[in-house]
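Asker: This structure is in structure tokens; I'll ask about it shortly.
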Amino acid sequence: MISNPELIHYACIARSNTILGHHNNNSKDPNIEALASKCISLTPPNHSLYTHTVKNRTYTFLIDPPFVYFAIFDHQLLKSQTLSFLNRIRSSFRETLAGSDHFASLCFQTQFDSIFRDALYLDSVDGKRSATLPMKPAEGLTKKKRLHEPNGMIDAKDAATVDLCDDVVSLPVSKGTVNDRQKAKHVWKKHVWVVLLLDLFVCAILFIIWLWVCSGFKCMAY
């Protein structure tokens, strides 16, 4: 439970690049909404969680396609608190979303205000609302073993990260991409060796045929 709402600078729910509802708690930074919009527009596909801390801020994405739950926290908050907060937002929004198919800018702003209050002040063990729904893997993503904290949240150590240095989002190369490149390099090396061995085999066959036609090295005597 987050006891001090001032530690949440910004929070929102988005679908694609459209922010459906948000909470701006940082009047000292007039650019925070523009930064949040940029982060939302660059949300990477095929991942469920991104988190990174830079310049005393923690940027956290909880991705549950087609929706993204995004927040900018003060770095003093524990990762378990930030993830628990976004999970509560997601849980409440799923209830609000039932039967709705209208998605326009800030169309859920009124509902988000109450969702935000609930996420802040409801006790994490309240039986009336699940605050720790299991993470839903992105479609097409290979299932991986995930670490869990006592409260059922996904450990941020098992998540990929987004670098937000100088308030500019720079998407990293995912572990899956690195592994794919390593596999491709290994396959390429194996292919090269196979081609070389085939060439050597063909040369050896041709040499044997030449020796047979020439009855040894007699052709070299002429």
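Lettering and numbering for the structure tokens are positional, with chains as A, B, ... in the shown order, residues counted from 1 in each chain, and ligands counted from 1 in the shown order.
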Could you give me, as a list in words, the residues within 10 Å of Glu33 (chain A), counting only C-alpha atoms and dropping anything in the same chain fewer than 6 positions from it?
Answerer: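 The filter keeps Tyr10, Ala11, Cys12, His22, His23, Asn24, Asn26 and Cys39 of chain A.
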Asker: Could you name the residues that touch region 56-72 of chain A at 7 Å or less, counting only C-alpha atoms, but leaving out those on the same chain fewer than 2 positions away, as JSON, numbers by chain?
Answerer: {"A": [8, 9, 10, 11, 12, 13, 14, 15, 16, 47, 48, 49, 50, 51, 52, 53, 54, 74, 75, 86, 136, 138]}
Asker: One decimal, in Å: what's the spacing between CA of Thr82 (chain A) and CA of Lys55 (chain A)?
Answerer: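 Between CA of Thr82 (chain A) and CA of Lys55 (chain A) the gap is 16.7 Å.
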Asker: Skip Phe85 (chain A) itself and residues of its chain fewer than 4 positions away, then list as a list in words all residues within 7 Å of it, counting only C-alpha atoms.
Answerer: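 Everything that qualifies: Gln81, Ile89 and Ala119 of chain A.
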Asker: Those residues you just picked out, can you put them in a file as a CSV table (one decimal), in the first residue's frame with N, CA and C atoms?
Answerer:
```csv
chain,number,residue,atom,x,y,z
A,81,GLN,N,5.9,-2.1,-4.4
A,81,GLN,CA,4.8,-1.2,-4.2
A,81,GLN,C,4.3,-0.6,-5.5
A,89,ILE,N,-4.7,-0.9,-10.3
A,89,ILE,CA,-5.3,-0.1,-11.4
A,89,ILE,C,-5.9,-1.1,-12.4
A,119,ALA,N,-7.0,2.3,-5.8
A,119,ALA,CA,-5.7,1.7,-5.8
A,119,ALA,C,-4.8,2.2,-4.7
```
Asker: Could you list, as a list of chain:residue names, every residue within 10 Å of Ser92 (chain A), counting only C-alpha atoms and ignoring same-chain residues fewer than 4 positions away?
Answerer: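 So, after excluding close chain neighbours, the residues are A:Leu86, A:Asn87, A:Arg88, A:Thr96, A:Leu97, A:Gln111, A:Phe112, A:Ser114, A:Ile115, A:Phe116, A:Asp118, A:Ala119, A:Arg129, A:Ser130, A:Ala131.
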Asker: Hey, which of A:Leu20, A:Leu211, A:Leu83, A:Pro44 ends up closest to Phe108 (chain A)? Count only C-alpha atoms.
Answerer: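 Residue with the minimum atom-to-atom distance to Phe108 (chain A): A:Leu20.
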Asker: Could you tell me how far CA of Leu7 (chain A) sits from CA of Lys28 (chain A), in Å to one decimal place?
Answerer: 13.3 Å
Asker: Would you list, as a list in words, the residues of region 27-81 of chain A that end up in strand (DSSP E) under DSSP run on this structure's backbone?
Answerer: Leu49, Tyr50, Thr51, His52, Thr53, Val54, Arg57, Thr58, Tyr59, Thr60, Phe61, Leu62, Ile63, Asp64, Phe67, Val68, Tyr69, Phe70, Ala71, Ile72, Phe73 and Asp74 of chain A
Asker: When you draw a straight line from CA of Ala204 (chain A) to CA of Lys185 (chain A), how long is it in Å?
Answerer: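 Those two atoms sit 28.7 Å apart.
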Asker: Point out the residue among A:Glu6, A:Arg90, A:Phe207, A:Lys38 with the least atom-to-atom distance to Gln76 (chain A), counting only C-alpha atoms.
Answerer: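 Distance minimum relative to Gln76 (chain A) lands on A:Glu6.
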